[in-house]
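Q: The file below is my_file_17.txt, compact mmCIF, C-alpha atoms:
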# COMPACT_ATOMS: atom_id res chain seq x y z
CA MET A 1 -10.72 24.55 -7.43
CA SER A 2 -9.81 23.83 -3.86
CA PHE A 3 -11.55 25.59 -1.02
CA PRO A 4 -10.42 26.02 2.57
CA THR A 5 -11.51 23.18 4.84
CA ARG A 6 -13.33 24.63 7.85
CA GLY A 7 -11.07 24.45 10.87
CA PHE A 8 -8.05 22.91 9.14
CA ARG A 9 -4.77 24.59 9.91
CA GLY A 10 -2.37 21.78 9.08
CA ARG A 11 0.89 20.88 10.67
CA ARG A 12 3.48 22.41 8.43
CA GLN A 13 6.94 20.94 8.45
CA LEU A 14 8.75 24.24 8.72
CA ASP A 15 12.17 22.66 8.98
CA ALA A 16 11.69 20.67 5.78
CA PRO A 17 13.43 22.13 2.73
CA ALA A 18 10.49 23.12 0.54
CA ASP A 19 12.42 22.78 -2.70
CA ARG A 20 12.99 19.11 -1.99
CA ILE A 21 9.38 18.16 -1.13
CA PRO A 22 7.19 17.44 -4.18
CA PRO A 23 3.54 18.57 -4.08
CA GLY A 24 1.27 16.58 -1.75
CA GLN A 25 4.20 14.91 0.05
CA TYR A 26 5.30 15.08 3.68
CA VAL A 27 8.65 14.19 5.19
CA THR A 28 9.03 11.12 7.34
CA ASP A 29 12.04 10.00 9.34
CA ASP A 30 11.20 6.33 9.39
CA PHE A 31 11.13 3.99 6.43
CA PRO A 32 7.61 2.67 5.81
CA VAL A 33 7.23 -0.67 4.03
CA LEU A 34 4.71 -1.17 1.25
CA SER A 35 4.27 -4.32 -0.74
CA ALA A 36 1.38 -6.25 -2.20
CA GLY A 37 2.22 -9.70 -0.87
CA PRO A 38 4.52 -11.69 1.39
CA THR A 39 8.20 -10.77 1.39
CA PRO A 40 10.09 -13.17 -0.89
CA ARG A 41 13.15 -14.79 0.69
CA VAL A 42 15.91 -15.21 -1.87
CA PRO A 43 19.05 -17.11 -0.80
CA LEU A 44 22.13 -15.38 -2.21
CA GLU A 45 23.40 -18.63 -3.76
CA GLU A 46 20.21 -18.81 -5.82
CA TRP A 47 19.99 -15.11 -6.64
CA ARG A 48 20.38 -14.11 -10.30
CA PHE A 49 19.90 -10.87 -12.14
CA THR A 50 19.18 -11.33 -15.83
CA MET A 51 18.88 -8.78 -18.58
CA THR A 52 17.46 -9.46 -22.01
CA ASP A 53 17.38 -7.11 -24.98
CA PRO A 54 14.99 -6.94 -27.96
CA LEU A 55 17.44 -8.91 -30.13
CA GLY A 56 17.14 -11.82 -27.71
CA SER A 57 20.59 -11.63 -26.21
CA GLU A 58 20.67 -12.38 -22.51
CA ARG A 59 23.16 -11.66 -19.76
CA SER A 60 22.98 -12.97 -16.25
CA TRP A 61 24.84 -12.25 -13.04
CA THR A 62 25.18 -14.40 -9.94
CA TRP A 63 25.46 -12.64 -6.58
CA ALA A 64 29.25 -13.05 -6.73
CA ASP A 65 29.41 -11.67 -10.29
CA PHE A 66 27.11 -8.83 -9.39
CA THR A 67 28.84 -7.65 -6.25
CA ALA A 68 32.20 -7.81 -8.05
CA LEU A 69 31.04 -5.05 -10.41
CA PRO A 70 32.04 -1.46 -9.68
CA THR A 71 29.56 0.10 -7.27
CA GLU A 72 28.45 3.63 -6.55
CA THR A 73 27.24 5.10 -3.29
CA VAL A 74 24.53 7.72 -3.67
CA THR A 75 22.57 9.88 -1.25
CA VAL A 76 19.15 10.71 -2.62
CA ASP A 77 15.62 11.77 -1.62
CA ILE A 78 12.86 9.22 -2.20
CA HIS A 79 9.15 9.87 -2.69
CA CYS A 80 6.39 7.30 -2.19
CA VAL A 81 3.04 7.70 -3.94
CA THR A 82 1.37 7.11 -0.55
CA LYS A 83 2.59 10.66 0.29
CA TRP A 84 5.73 10.16 2.37
CA SER A 85 9.12 11.42 1.31
CA LYS A 86 12.39 10.50 2.97
CA LEU A 87 15.39 12.75 2.54
CA ASP A 88 19.07 11.90 2.28
CA THR A 89 18.84 8.13 2.00
CA THR A 90 22.17 6.48 1.25
CA TRP A 91 22.44 3.45 -1.00
CA GLU A 92 25.19 1.40 -2.57
CA GLY A 93 24.60 -0.41 -5.80
CA VAL A 94 25.56 -1.03 -9.38
CA SER A 95 24.61 1.64 -11.89
CA LEU A 96 22.36 0.48 -14.72
CA ASP A 97 24.91 2.16 -16.99
CA THR A 98 27.42 -0.46 -15.84
CA LEU A 99 24.99 -3.33 -16.40
CA LEU A 100 24.09 -2.04 -19.85
CA ALA A 101 27.68 -1.29 -20.77
CA ASP A 102 28.60 -3.79 -23.39
CA GLY A 103 26.58 -5.39 -26.10
CA THR A 104 23.06 -4.69 -24.85
CA ASP A 105 20.81 -3.32 -27.57
CA ARG A 106 19.17 -0.13 -26.29
CA ALA A 107 17.29 0.87 -29.42
CA GLY A 108 13.88 -0.27 -28.13
CA GLY A 109 13.66 2.47 -25.57
CA HIS A 110 11.65 0.66 -22.88
CA VAL A 111 12.44 -1.61 -19.98
CA LEU A 112 10.25 -3.79 -17.78
CA PHE A 113 11.73 -4.86 -14.45
CA HIS A 114 10.56 -8.14 -12.89
CA SER A 115 10.90 -9.21 -9.28
CA TYR A 116 10.99 -12.37 -7.25
CA GLY A 117 7.37 -12.71 -6.15
CA GLY A 118 5.99 -11.56 -9.51
CA TYR A 119 6.02 -7.75 -9.23
CA THR A 120 6.77 -5.73 -12.37
CA THR A 121 7.26 -2.07 -13.25
CA ASN A 122 7.91 -0.34 -16.56
CA LEU A 123 10.17 2.61 -17.33
CA PRO A 124 11.56 4.44 -20.32
CA LEU A 125 15.13 3.26 -20.82
CA GLU A 126 16.35 6.85 -20.70
CA ASP A 127 15.10 7.08 -17.11
CA VAL A 128 17.41 4.31 -15.94
CA THR A 129 20.52 5.39 -17.87
CA GLY A 130 22.83 8.37 -17.58
CA GLY A 131 23.45 7.99 -13.84
CA LYS A 132 19.78 7.94 -12.85
CA ALA A 133 19.25 4.36 -11.62
CA TRP A 134 20.98 1.60 -9.71
CA ILE A 135 20.45 -1.96 -8.55
CA ALA A 136 21.06 -1.30 -4.87
CA PHE A 137 22.06 -3.91 -2.31
CA ASN A 138 23.21 -1.82 0.65
CA TYR A 139 21.16 0.74 2.52
CA ASP A 140 22.81 3.05 5.03
CA GLY A 141 25.95 0.91 4.90
CA GLN A 142 24.14 -2.36 5.71
CA PRO A 143 22.82 -5.17 3.51
CA LEU A 144 19.33 -4.28 2.35
CA ASP A 145 16.59 -5.83 4.54
CA PRO A 146 14.24 -8.23 2.75
CA GLU A 147 11.29 -6.01 3.73
CA HIS A 148 12.92 -3.15 1.87
CA GLY A 149 13.74 -5.22 -1.20
CA GLY A 150 16.86 -7.19 -0.32
CA PRO A 151 18.96 -8.85 -1.56
CA ALA A 152 18.74 -6.15 -4.24
CA ARG A 153 16.23 -3.63 -5.50
CA LEU A 154 15.99 -1.12 -8.28
CA LEU A 155 16.60 2.49 -7.20
CA VAL A 156 15.18 5.22 -9.45
CA PRO A 157 14.87 8.11 -7.02
CA HIS A 158 13.54 10.71 -9.46
CA LEU A 159 10.27 8.76 -9.90
CA TYR A 160 7.69 7.65 -7.31
CA PHE A 161 9.15 4.80 -5.34
CA TRP A 162 6.87 2.04 -6.66
CA LYS A 163 9.10 2.27 -9.76
CA SER A 164 12.06 1.23 -7.59
CA ALA A 165 11.08 -2.44 -7.71
CA LYS A 166 12.07 -4.55 -4.72
CA TRP A 167 13.64 -8.03 -5.13
CA VAL A 168 14.50 -7.44 -8.79
CA ASP A 169 15.56 -10.49 -10.76
CA ARG A 170 15.14 -9.49 -14.39
CA ALA A 171 15.08 -6.55 -16.76
CA THR A 172 13.50 -6.96 -20.17
CA LEU A 173 14.47 -4.34 -22.72
CA SER A 174 11.85 -3.92 -25.40
CA ASP A 175 10.61 -1.72 -28.20
CA SER A 176 7.13 -1.71 -26.65
CA ASP A 177 5.98 -0.17 -23.39
CA ARG A 178 4.10 -2.76 -21.33
CA PRO A 179 2.48 -1.53 -18.11
CA GLY A 180 3.78 -3.10 -14.91
CA PHE A 181 1.89 -4.13 -11.78
CA TRP A 182 0.67 -0.84 -10.29
CA GLU A 183 0.62 0.78 -13.73
CA SER A 184 -2.09 -1.79 -14.60
CA TYR A 185 -4.10 -0.83 -11.51
CA GLY A 186 -4.56 2.79 -12.44
CA TYR A 187 -1.30 4.26 -11.21
CA HIS A 188 0.49 6.65 -13.53
CA ASN A 189 2.57 5.11 -16.30
CA TYR A 190 5.52 7.44 -15.70
CA GLY A 191 5.20 8.65 -12.09
CA ASP A 192 7.05 11.96 -11.80
CA PRO A 193 6.54 13.20 -8.21
CA TRP A 194 7.29 16.81 -9.18
CA ARG A 195 4.34 16.75 -11.58
CA GLU A 196 2.34 14.76 -9.03
CA GLN A 197 1.73 11.93 -11.49
CA ARG A 198 0.18 9.54 -8.99
CA TYR A 199 -2.66 8.08 -11.03
CA GLN A 200 -3.62 7.70 -14.66
CA GLY A 201 -4.51 11.06 -16.15
CA ASP A 202 -2.60 13.10 -13.53
CA MET B 203 -7.63 19.89 -21.51
CA ALA B 204 -9.32 22.45 -19.29
CA GLY B 205 -12.30 21.03 -17.52
CA ALA B 206 -12.53 17.88 -19.64
CA ALA B 207 -12.34 14.75 -17.55
CA LEU B 208 -9.84 12.37 -19.08
CA PRO B 209 -11.02 8.79 -19.30
CA GLY B 210 -10.03 7.06 -16.10
CA ARG B 211 -8.81 10.25 -14.51
CA LEU B 212 -9.30 10.53 -10.77
CA ASN B 213 -10.66 14.00 -10.28
CA TRP B 214 -10.94 15.68 -6.90
CA LEU B 215 -14.56 15.64 -5.77
CA ILE B 216 -16.29 17.51 -2.97
CA ALA B 217 -17.66 15.25 -0.27
CA ARG B 218 -19.86 16.31 2.65
CA ALA B 219 -19.85 14.58 6.02
CA THR B 220 -23.37 13.33 6.73
CA GLU B 221 -22.83 11.07 9.71
CA ILE B 222 -20.10 10.44 12.26
CA ILE B 223 -19.87 7.18 14.19
CA GLU B 224 -17.58 6.99 17.20
CA GLU B 225 -16.15 3.47 16.94
CA THR B 226 -13.68 3.61 19.84
CA GLN B 227 -12.00 6.36 21.84
CA ARG B 228 -9.47 6.89 19.08
CA VAL B 229 -11.35 5.73 16.01
CA ARG B 230 -14.33 7.18 14.18
CA SER B 231 -16.16 6.41 10.98
CA ILE B 232 -17.19 9.25 8.72
CA VAL B 233 -19.99 8.87 6.20
CA LEU B 234 -19.43 11.11 3.20
CA ASP B 235 -21.89 12.05 0.52
CA CYS B 236 -19.89 12.52 -2.65
CA PRO B 237 -21.76 13.60 -5.78
CA GLY B 238 -20.07 12.10 -8.84
CA TRP B 239 -18.46 9.24 -6.95
CA PRO B 240 -17.68 6.53 -9.54
CA GLY B 241 -18.09 3.57 -7.17
CA HIS B 242 -15.52 1.22 -5.66
CA LEU B 243 -14.72 -2.32 -4.63
CA PRO B 244 -14.20 -3.49 -1.06
CA GLY B 245 -10.51 -2.88 -0.28
CA HIS B 246 -10.16 0.29 -2.35
CA HIS B 247 -9.01 3.46 -0.67
CA ILE B 248 -9.34 7.19 -1.24
CA ASP B 249 -7.08 10.18 -1.07
CA ILE B 250 -8.23 13.05 1.11
CA ARG B 251 -7.02 16.61 0.56
CA LEU B 252 -7.48 19.36 3.12
CA THR B 253 -6.74 23.03 2.48
CA ALA B 254 -5.90 25.66 5.11
CA GLU B 255 -7.03 29.29 4.86
CA ASP B 256 -3.67 30.32 3.39
CA GLY B 257 -3.81 27.66 0.66
CA TYR B 258 -1.55 25.15 2.38
CA GLN B 259 -2.67 21.60 1.53
CA ALA B 260 -2.12 18.14 2.94
CA GLN B 261 -3.12 14.74 1.57
CA ARG B 262 -3.40 11.24 3.01
CA SER B 263 -4.96 7.92 2.00
CA TYR B 264 -7.73 6.10 3.89
CA SER B 265 -9.34 2.73 3.29
CA ILE B 266 -13.03 2.66 2.50
CA ALA B 267 -15.02 0.81 5.17
CA ARG B 268 -18.21 -0.14 3.35
CA PRO B 269 -18.99 -1.58 -0.08
CA ALA B 270 -20.25 0.76 -2.77
CA ASP B 271 -23.66 2.33 -2.20
CA ASP B 272 -24.51 5.01 -4.72
CA GLU B 273 -22.55 8.17 -3.88
CA GLU B 274 -21.76 7.24 -0.29
CA VAL B 275 -18.15 6.79 0.82
CA VAL B 276 -17.43 5.70 4.40
CA ILE B 277 -13.98 5.84 5.93
CA THR B 278 -12.80 4.76 9.37
CA VAL B 279 -9.96 6.83 10.77
CA GLU B 280 -7.66 6.16 13.71
CA LEU B 281 -6.09 9.05 15.59
CA VAL B 282 -2.34 9.35 15.12
CA ASP B 283 -1.15 11.74 17.81
CA GLU B 284 1.61 13.32 15.77
CA GLY B 285 -0.46 13.17 12.61
CA GLU B 286 -1.70 15.98 10.44
CA ILE B 287 -4.96 14.80 8.89
CA SER B 288 -6.27 12.28 11.42
CA PRO B 289 -6.40 14.74 14.36
CA PHE B 290 -8.51 17.03 12.20
CA LEU B 291 -10.84 14.23 11.09
CA ILE B 292 -11.21 12.89 14.64
CA GLU B 293 -11.34 16.09 16.66
CA ASP B 294 -12.52 18.87 14.38
CA LEU B 295 -14.63 17.51 11.54
CA ARG B 296 -18.38 18.04 12.00
CA ILE B 297 -21.44 16.90 10.13
CA GLY B 298 -21.97 19.21 7.16
CA ASP B 299 -18.26 19.94 6.63
CA ARG B 300 -16.91 19.50 3.14
CA ILE B 301 -13.58 17.94 2.21
CA GLU B 302 -11.98 16.96 -1.09
CA ILE B 303 -11.55 13.31 -1.95
CA ARG B 304 -10.52 11.31 -5.00
CA GLY B 305 -10.57 7.66 -5.86
CA PRO B 306 -11.07 4.83 -5.83
CA VAL B 307 -7.37 4.05 -5.51
CA GLY B 308 -5.78 0.60 -5.38
CA GLY B 309 -7.32 -2.36 -7.10
CA TYR B 310 -5.10 -5.26 -6.08
CA PHE B 311 -6.08 -5.52 -2.42
CA VAL B 312 -9.78 -5.87 -3.24
CA TRP B 313 -12.35 -8.61 -2.91
CA GLU B 314 -15.92 -9.03 -4.04
CA PRO B 315 -18.14 -12.09 -3.61
CA SER B 316 -17.61 -13.25 -7.22
CA ARG B 317 -13.95 -13.91 -6.38
CA GLY B 318 -14.99 -16.77 -4.11
CA GLY B 319 -13.12 -18.16 -1.15
CA PRO B 320 -12.81 -19.41 1.42
CA LEU B 321 -11.91 -15.95 2.59
CA GLN B 322 -9.40 -15.35 5.34
CA LEU B 323 -9.30 -11.80 6.68
CA ILE B 324 -6.58 -10.85 9.17
CA GLY B 325 -6.31 -7.32 10.46
CA GLY B 326 -4.19 -5.52 13.04
CA GLY B 327 -5.51 -2.33 14.64
CA SER B 328 -7.19 -0.11 12.09
CA GLY B 329 -5.98 -2.55 9.41
CA VAL B 330 -9.41 -4.12 9.80
CA VAL B 331 -11.05 -1.28 7.86
CA PRO B 332 -10.69 -2.61 4.28
CA LEU B 333 -11.38 -6.13 5.57
CA MET B 334 -14.65 -4.93 7.06
CA ALA B 335 -15.66 -3.56 3.66
CA MET B 336 -15.08 -7.07 2.27
CA LEU B 337 -17.03 -8.75 5.06
CA ARG B 338 -19.89 -6.28 4.72
CA ALA B 339 -19.97 -6.95 0.96
CA ARG B 340 -20.17 -10.70 1.63
CA VAL B 341 -23.03 -10.21 4.09
CA ARG B 342 -24.88 -7.67 1.97
CA ALA B 343 -24.71 -9.90 -1.12
CA GLY B 344 -26.00 -12.90 0.82
CA SER B 345 -23.04 -14.79 -0.62
CA ASP B 346 -22.21 -18.23 0.75
CA VAL B 347 -18.42 -17.73 0.66
CA PRO B 348 -17.11 -19.02 4.00
CA VAL B 349 -15.24 -16.28 5.87
CA ARG B 350 -12.92 -16.25 8.85
CA TYR B 351 -12.22 -12.80 10.24
CA LEU B 352 -9.38 -12.48 12.71
CA SER B 353 -8.57 -9.13 14.24
CA SER B 354 -5.90 -8.07 16.67
CA ALA B 355 -6.34 -5.14 19.04
CA ARG B 356 -4.61 -3.89 22.15
CA SER B 357 -7.67 -4.13 24.37
CA HIS B 358 -11.39 -4.88 24.27
CA ASP B 359 -12.15 -1.16 24.06
CA ASP B 360 -9.92 -0.87 21.00
CA LEU B 361 -11.87 -3.42 18.96
CA ILE B 362 -13.36 -1.61 15.98
CA TYR B 363 -16.86 -2.60 14.76
CA ARG B 364 -17.26 -4.85 17.82
CA SER B 365 -21.04 -4.91 18.10
CA GLU B 366 -21.66 -5.23 14.37
CA LEU B 367 -19.22 -8.13 14.24
CA GLU B 368 -20.99 -9.79 17.15
CA SER B 369 -24.29 -9.70 15.29
CA VAL B 370 -22.74 -10.87 12.03
CA SER B 371 -21.01 -13.82 13.63
CA SER B 372 -24.13 -14.92 15.48
CA GLU B 373 -26.63 -14.29 12.70
CA VAL B 374 -24.83 -14.96 9.42
CA GLU B 375 -24.05 -18.53 8.52
CA GLY B 376 -20.54 -19.14 7.24
CA VAL B 377 -18.92 -16.17 8.95
CA GLU B 378 -16.59 -16.78 11.89
CA VAL B 379 -15.26 -13.80 13.83
CA LEU B 380 -12.29 -14.04 16.17
CA HIS B 381 -10.51 -11.33 18.12
CA THR B 382 -7.19 -11.47 19.88
CA LEU B 383 -6.20 -8.92 22.54
CA THR B 384 -2.53 -8.13 22.91
CA ARG B 385 -2.26 -5.89 26.00
CA SER B 386 -5.22 -6.22 28.32
CA LYS B 387 -8.39 -8.26 28.45
CA PRO B 388 -11.60 -8.13 30.43
CA PRO B 389 -11.89 -10.77 33.20
CA ASP B 390 -14.58 -12.65 31.32
CA TRP B 391 -12.78 -12.58 27.96
CA THR B 392 -13.28 -15.79 25.99
CA GLY B 393 -11.51 -14.74 22.82
CA LEU B 394 -7.87 -15.14 21.88
CA GLU B 395 -4.91 -13.57 23.63
CA GLY B 396 -1.53 -12.37 22.41
CA ARG B 397 -0.15 -11.35 19.07
CA VAL B 398 -1.08 -13.19 15.92
CA ASP B 399 1.69 -15.69 15.21
CA ARG B 400 2.28 -18.95 13.39
CA VAL B 401 0.77 -21.08 16.16
CA MET B 402 -2.39 -18.99 16.33
CA LEU B 403 -2.73 -19.05 12.54
CA ALA B 404 -2.21 -22.83 12.45
CA ARG B 405 -5.13 -23.20 14.85
CA GLN B 406 -7.47 -20.44 13.79
CA ALA B 407 -6.97 -19.65 10.10
CA TRP B 408 -8.21 -21.69 7.18
CA PRO B 409 -5.74 -24.52 6.63
CA SER B 410 -3.68 -24.18 3.46
CA PHE B 411 -5.28 -27.23 1.78
CA THR B 412 -8.57 -25.29 1.59
CA ARG B 413 -6.71 -22.76 -0.60
CA PRO B 414 -8.22 -19.65 0.98
CA LEU B 415 -7.80 -16.14 -0.36
CA CYS B 416 -5.95 -14.32 2.42
CA TYR B 417 -6.08 -10.57 2.97
CA VAL B 418 -3.76 -9.18 5.61
CA CYS B 419 -3.74 -5.53 6.63
CA GLY B 420 -2.12 -3.69 9.50
CA PRO B 421 1.11 -2.19 10.71
CA THR B 422 4.27 -3.33 8.93
CA GLY B 423 5.52 -5.69 11.64
CA PHE B 424 2.10 -7.31 12.00
CA VAL B 425 1.71 -7.90 8.27
CA GLU B 426 5.26 -9.17 7.94
CA THR B 427 4.74 -11.75 10.70
CA VAL B 428 1.33 -12.87 9.49
CA ALA B 429 2.27 -13.14 5.80
CA ASN B 430 5.53 -15.00 6.54
CA SER B 431 3.68 -17.37 8.88
CA LEU B 432 1.01 -18.09 6.30
CA VAL B 433 3.69 -18.91 3.73
CA SER B 434 5.44 -21.20 6.19
CA LEU B 435 2.10 -22.95 6.84
CA GLY B 436 1.89 -23.81 3.16
CA HIS B 437 -0.27 -21.02 1.78
CA GLN B 438 0.54 -19.93 -1.78
CA PRO B 439 2.21 -16.50 -1.71
CA SER B 440 0.09 -15.52 -4.72
CA ARG B 441 -3.08 -16.04 -2.66
CA ILE B 442 -1.89 -13.75 0.14
CA LYS B 443 -2.57 -10.08 -0.46
CA THR B 444 -1.13 -7.56 1.94
CA GLU B 445 -1.54 -3.91 2.73
CA ARG B 446 0.82 -2.32 5.22
CA PHE B 447 0.86 1.01 6.91
CA GLY B 448 3.67 2.53 8.83
CA PRO B 449 2.86 5.24 11.31
CA THR B 450 0.65 6.87 8.71
CA ASN B 451 -0.83 10.10 9.88
Mind turning the file's structure into structure tokens?
A:
Amino acid sequence: MSFPTRGFRGRRQLDAPADRIPPGQYVTDDFPVLSAGPTPRVPLEEWRFTMTDPLGSERSWTWADFTALPTETVTVDIHCVTKWSKLDTTWEGVSLDTLLADGTDRAGGHVLFHSYGGYTTNLPLEDVTGGKAWIAFNYDGQPLDPEHGGPARLLVPHLYFWKSAKWVDRATLSDSDRPGFWESYGYHNYGDPWREQRYQGD
Amino acid sequence: MAGAALPGRLNWLIARATEIIEETQRVRSIVLDCPGWPGHLPGHHIDIRLTAEDGYQAQRSYSIARPADDEEVVITVELVDEGEISPFLIEDLRIGDRIEIRGPVGGYFVWEPSRGGPLQLIGGGSGVVPLMAMLRARVRAGSDVPVRYLSSARSHDDLIYRSELESVSSEVEGVEVLHTLTRSKPPDWTGLEGRVDRVMLARQAWPSFTRPLCYVCGPTGFVETVANSLVSLGHQPSRIKTERFGPTN
């Protein structure tokens, strides 16, 4: 049970739309950067995105292949486990539905995303399909900065933002759920901000 | 599941402020006594939750400043003028007050003496806090891991832990402490000047052939510059751990 903290009044964000701010979050106007190591620099001519399925079939896109795919532009709210939320962010990218369109076996139900630099994060496949996730390469109409995950990052706005892996290079579809980087350090396996699933057991 | 602590679950605990140390004009350390605290590693942080009379709550994360010692948790907080939690912690919190905390959180940006070295610690502003926990752990353990500690502050008065660092660097073998001042310096200043950049790191940090473990913490731009410079000087990206904060409040 919480108790009032003597002398704490808080600084409520009265202009923030309450129904868009998950519990424990506050709205920020800037775009903080969080990452565990140096920012990888990936030349576009070397960039690849590769997807493998449990049957062992593999598909790979070069930057030219990838950016020739149909794109979608979405405006979404994002929520970082470190407590900031940013509203109405606009991204352009390729829907995972497009990337999974033909021939990829989806029966396994899980996907692990890998990044240049070694980062990983795991998600249920159903959380990246059905118009819920993109590989984004433009932010606010401009190419995505390396600090924010460029050339391309995963965007899964309905989960805490560590799930939206920066610098993605691979997605491994699997019938087993393997914890990713932060998920192995005690962060929640699923990470729903509306249920405040920050850490294991939340 | 009512009341039953799940294994590994981070429950909110009640911590009481037992000591307050004014580090600089804008920075204070708060010693908390937290019954039930599960312990932590240097580099871990905690979440703090404050509750107003009407039930309104706010949470933020703060790095722990000292290695584990029973049920004691020490944080060092910098005032963010437009912030919500830091003004309370700096201006209003008194000894005896109780706040809710949970943790430890993190686990990647941590170091303990068994991880070896050499150890390169590079902090900007209040980014030195988790690095100080690492240095204090090294000193407390009597470890022989060689450490270089490089901090960047605006002015001499903004240097956090200044006198403790002076004693450590003069009394503890294998620990080198360097400060760089970016805005103003006292007339008799003999330390470094200007922002940490590739040239400063080439001269002052462990060279890459010694394969140091590097921990870099500070504002985003600072960490970006330092980490990129270390990579360009030949350090393995996998041996560079970073923690960045924006204008966290």
Q: Stretch 383-395 of chain B: which residues within 12 Å, counting only C-alpha atoms, same-chain residues fewer than 2 positions away excluded, as a list in words?
A: Gly326, Gly327, Leu352, Ser353, Ser354, Ala355, Arg356, Ser357, His358, Asp359, Asp360, Leu361, Val379, Leu380, His381, Arg397, Val398, Asp399, Val401, Met402, Leu403, Arg405, Gln406 and Phe424 of chain B
Q: Using only C-alpha atoms, which chain A residues lie at most 7 Å away from chain B, written as a CSV table (one decimal) with C-alpha atoms, keeping the file's coordinate frame?
A:
chain,number,residue,atom,x,y,z
A,3,PHE,CA,-11.6,25.6,-1.0
A,4,PRO,CA,-10.4,26.0,2.6
A,5,THR,CA,-11.5,23.2,4.8
A,6,ARG,CA,-13.3,24.6,7.8
A,7,GLY,CA,-11.1,24.4,10.9
A,8,PHE,CA,-8.0,22.9,9.1
A,9,ARG,CA,-4.8,24.6,9.9
A,10,GLY,CA,-2.4,21.8,9.1
A,11,ARG,CA,0.9,20.9,10.7
A,24,GLY,CA,1.3,16.6,-1.8
A,32,PRO,CA,7.6,2.7,5.8
A,33,VAL,CA,7.2,-0.7,4.0
A,34,LEU,CA,4.7,-1.2,1.2
A,35,SER,CA,4.3,-4.3,-0.7
A,36,ALA,CA,1.4,-6.2,-2.2
A,37,GLY,CA,2.2,-9.7,-0.9
A,38,PRO,CA,4.5,-11.7,1.4
A,82,THR,CA,1.4,7.1,-0.6
A,83,LYS,CA,2.6,10.7,0.3
A,185,TYR,CA,-4.1,-0.8,-11.5
A,200,GLN,CA,-3.6,7.7,-14.7
A,201,GLY,CA,-4.5,11.1,-16.2
A,202,ASP,CA,-2.6,13.1,-13.5
Q: Between atom CA of B:Val276 and atom CA of A:Ser85, measure the distance and give it in Å to one decimal.
A: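 Going from atom CA of B:Val276 over to atom CA of A:Ser85 covers 27.3 Å.
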Q: From the set A:Gly191, A:Gly93, A:Pro43, A:Pro54, which residue has the shortest atom-to-atom contact distance to A:Gly141, counting all atoms listed in the file?
A: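 Using all atoms listed in the file, the shortest distance to A:Gly141 belongs to A:Gly93.
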Q: Can you pull out the residues contacting A:Pro193? Cut-off 7 Å, using only C-alpha atoms, and skip same-chain residues under 4 positions away; I want them as number ranges by chain.
A: A: 22, 79, 159-160, 197
Q: What separation in Å, quoted to one decimal, exists between atom CA of B:Trp408 and atom CA of A:Glu147?
A: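 Separation between atom CA of B:Trp408 and atom CA of A:Glu147: 25.3 Å.
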Q: Between atom CA of A:Thr67 and atom CA of A:Phe137, what distance in Å does the model show, to one decimal?
A: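 These two atoms are separated by 8.7 Å.
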Q: With a cut-off of 8 Å, could you pull out the residues of stretch 36-56 of chain A touching stretch 171-175 of chain A and give me the nearest pair of atoms for each, distance in Å to one decimal, using all atoms listed in the file, ordered by chain and ascending number, as CSV?
A:
residue,atom,partner,partner_atom,distance
A:Phe49,CA,A:Ala171,CA,8.0
A:Thr50,CA,A:Ala171,CA,6.4
A:Met51,CA,A:Ala171,CA,4.8
A:Thr52,CA,A:Thr172,CA,5.0
A:Asp53,CA,A:Leu173,CA,4.6
A:Pro54,CA,A:Ser174,CA,5.1
Q: Select, from A:Leu125, A:Leu55, A:Ala152, A:Val42, the residue with the minimum atom-to-atom distance to A:Asp105, counting only C-alpha atoms.
A: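 Using only C-alpha atoms, A:Asp105 sits closest to A:Leu55.
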Q: Would you compute an axis-aligned box for stretch 325-330 of chain B, covering every atom listed for it in the file with 4 Å of margin on each side, and report centre and edge lengths in Å to one decimal as lines of an AutoDock Vina configuration file?
A:
center_x = -6.8
center_y = -3.7
center_z = 12.0
size_x = 13.2
size_y = 15.2
size_z = 13.2
Q: Which one is closest to A:Tyr199: A:His114, A:Gly149, A:Pro179, A:Val81? Count all atoms listed in the file.
A: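 Using all atoms listed in the file, the shortest distance to A:Tyr199 belongs to A:Val81.
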Q: Let me make sure I understand: among B:Ile248, B:Val229, B:Ala270, B:Leu321, which one has the smallest atom-to-atom distance to B:Thr412 if we use all atoms listed in the file?
A: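 When distances to B:Thr412 are compared using all atoms listed in the file, the smallest one comes from B:Leu321.
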